[in-house]
Amino acid sequence: SSGPRLLMIGDSIFAGVSRRYSSMACDRLVPMGWQVAVEAERGRFIDLGLRIVKQKLPQGFDAAVLFLGTNYGKKQDVYQEYLDKLRDELAPRPVIIRTATEYKPFMREVNAVIEEEVRTRDNLWLVDWREISKTPGALWKDGIHPVDEGNALLMDSIIEALGSAPGDVPGECLKVEFKDDAPLTNVPPVNTSVDTTMVDTSTTTLAAGSTSLPTS
């Protein structure tokens, strides 16, 4: 990355580490020098990503992390079309893209599109959440959403790919504009209190190698 401004784009899974829920993204990344905006809403599909980048990129971002696909309408061509447009908007910025948990067989279609994108675009780095999320105790009973331990694994995998921000500008938790969560009931309970204490990242253990929530 040429600079420290990082845009995280996602669904309920990224919303779970946003400041309005656990605040884990900012708590972990800000001490590493990243200026982080977690733009994620529960209950949304991949079209949310296009709305986010069109509104946020003019504000100046140097890199992105993308996690959209858990909500999938079973139309692979439509998903690929939106993902292509999203990648075009983000290029040439470096982008970390994450596979989705294969909670149903049709989710393999989502991951096939993501893997093809990584093969054909040199600004993409793949983090295989499909495999990481198989860690025992990482997911809630629905087999989709991370519990606290899963959120820690989620952030570990992002940190492992990102490293520290370039330059010596202080990190910052940036203003969030997309926070209109869909009213969903199939989500794990979260602690909504925000702890603004910065963690000591020197003790971080890294894990090995949607648009939003399913509406079912």
# chains A, B, ... in the order shown; residues from 1 in each chain; ligands from 1

call {"tool": "closest_atom_pairs", "arguments": {"of": "range 122-157 of chain A", "to": "range 76-94 of chain A", "cutoff": "8 Å", "atoms": "only C-alpha atoms", "output": "Markdown table"}}
result
| residue | atom | partner | partner_atom | distance |
| --- | --- | --- | --- | --- |
| A:Asn123 | CA | A:Pro94 | CA | 4.9 |
| A:Leu124 | CA | A:Pro94 | CA | 6.1 |
| A:Trp125 | CA | A:Pro94 | CA | 7.7 |

call {"tool": "residues_around", "arguments": {"residues": "range 157-172 of chain A", "least_positions_apart": "6", "cutoff": "6 Å", "atoms": "only C-alpha atoms", "output": "list of chain:residue names"}}
result
A:Gly3, A:Pro4, A:Val30, A:Met32, A:Gly33, A:Trp34, A:Gln35, A:Ala207

call {"tool": "atom_distance", "arguments": {"atom1": "CA of Thr135 in chain A", "atom2": "CA of Leu68 in chain A"}}
result
20.5 Å

call {"tool": "closest_residue", "arguments": {"among": "A:Ala40, A:Asp122, A:Leu153, A:Asn71", "to": "Gly137 in chain A", "atoms": "only C-alpha atoms"}}
result
A:Leu153

call {"tool": "select_by_dssp", "arguments": {"residues": "chain A", "states": "helix (DSSP H, G or I)", "output": "PyMOL selection string"}}
result
chain A and resi 12-15+24-32+47-59+76-90+107-120+129-132+148-162+201-203

call {"tool": "residues_around", "arguments": {"residues": "Leu48 in chain A", "least_positions_apart": "3", "cutoff": "12 Å", "atoms": "only C-alpha atoms", "output": "ChimeraX atom specification"}}
result
/A:9-12,39-45,51-55,66-69,71,79,82-83,85-86,178-181,210-212

call {"tool": "residues_around", "arguments": {"residues": "range 97-106 of chain A", "least_positions_apart": "2", "cutoff": "8 Å", "atoms": "only C-alpha atoms", "output": "list in words"}}
result
Val65, Leu66, Phe67, Leu68, Gly69, Thr70, Lys74, Val95, Arg108, Glu109, Val110, Asn111, Ile114, Leu124, Trp125, Leu126, Val127, Asp128, Trp129, Arg130, Glu131, Ser133, Gly143, Ile144 and Ser210 of chain A

call {"tool": "write_last_selection", "arguments": {"atoms": "C-alpha atoms", "output": "PDB file, in the first residue's frame"}}
result
ATOM      1  CA  VAL A  65     -10.267  -5.492   2.381  1.00  0.00           C
ATOM      2  CA  LEU A  66     -13.326  -7.024   0.722  1.00  0.00           C
ATOM      3  CA  PHE A  67     -15.646  -9.613   2.223  1.00  0.00           C
ATOM      4  CA  LEU A  68     -18.907  -9.867   0.256  1.00  0.00           C
ATOM      5  CA  GLY A  69     -20.625 -13.058  -0.810  1.00  0.00           C
ATOM      6  CA  THR A  70     -22.209 -14.690   2.235  1.00  0.00           C
ATOM      7  CA  LYS A  74     -27.636 -18.264  -6.521  1.00  0.00           C
ATOM      8  CA  VAL A  95      -7.101  -5.403  -2.196  1.00  0.00           C
ATOM      9  CA  ARG A 108     -18.849 -22.988  -3.924  1.00  0.00           C
ATOM     10  CA  GLU A 109     -20.034 -20.858  -6.846  1.00  0.00           C
ATOM     11  CA  VAL A 110     -19.137 -17.684  -4.931  1.00  0.00           C
ATOM     12  CA  ASN A 111     -15.676 -18.925  -4.060  1.00  0.00           C
ATOM     13  CA  ILE A 114     -13.390 -15.081  -6.167  1.00  0.00           C
ATOM     14  CA  LEU A 124      -5.662  -9.001  -5.305  1.00  0.00           C
ATOM     15  CA  TRP A 125      -4.481 -11.064  -2.306  1.00  0.00           C
ATOM     16  CA  LEU A 126      -6.596 -14.024  -1.222  1.00  0.00           C
ATOM     17  CA  VAL A 127      -7.359 -14.841   2.422  1.00  0.00           C
ATOM     18  CA  ASP A 128      -9.177 -18.169   2.593  1.00  0.00           C
ATOM     19  CA  TRP A 129     -11.825 -17.629   5.269  1.00  0.00           C
ATOM     20  CA  ARG A 130     -13.536 -20.777   3.947  1.00  0.00           C
ATOM     21  CA  GLU A 131     -10.712 -22.789   5.550  1.00  0.00           C
ATOM     22  CA  SER A 133     -13.590 -20.629   9.634  1.00  0.00           C
ATOM     23  CA  GLY A 143     -22.212 -22.177  10.832  1.00  0.00           C
ATOM     24  CA  ILE A 144     -21.797 -18.721   9.290  1.00  0.00           C
ATOM     25  CA  SER A 210     -20.788 -11.342   2.468  1.00  0.00           C
TER      26      SER A 210
END

call {"tool": "residues_around", "arguments": {"residues": "Leu6 in chain A", "least_positions_apart": "4", "cutoff": "6 Å", "atoms": "only C-alpha atoms", "output": "list in words"}}
result
Gln35, Val36, Phe61, Ala63 and Ala64 of chain A

call {"tool": "write_last_selection", "arguments": {"atoms": "C-alpha atoms", "output": "short mmCIF file (atom, residue, chain, number, x, y, z; two decimals), in the first residue's frame"}}
result
data_model
loop_
_atom_site.label_atom_id
_atom_site.label_comp_id
_atom_site.auth_asym_id
_atom_site.auth_seq_id
_atom_site.Cartn_x
_atom_site.Cartn_y
_atom_site.Cartn_z
CA GLN A 35 -6.53 4.68 9.32
CA VAL A 36 -9.52 2.36 9.16
CA PHE A 61 -8.15 5.32 0.34
CA ALA A 63 -5.98 -0.17 0.18
CA ALA A 64 -9.07 -2.26 0.81
#
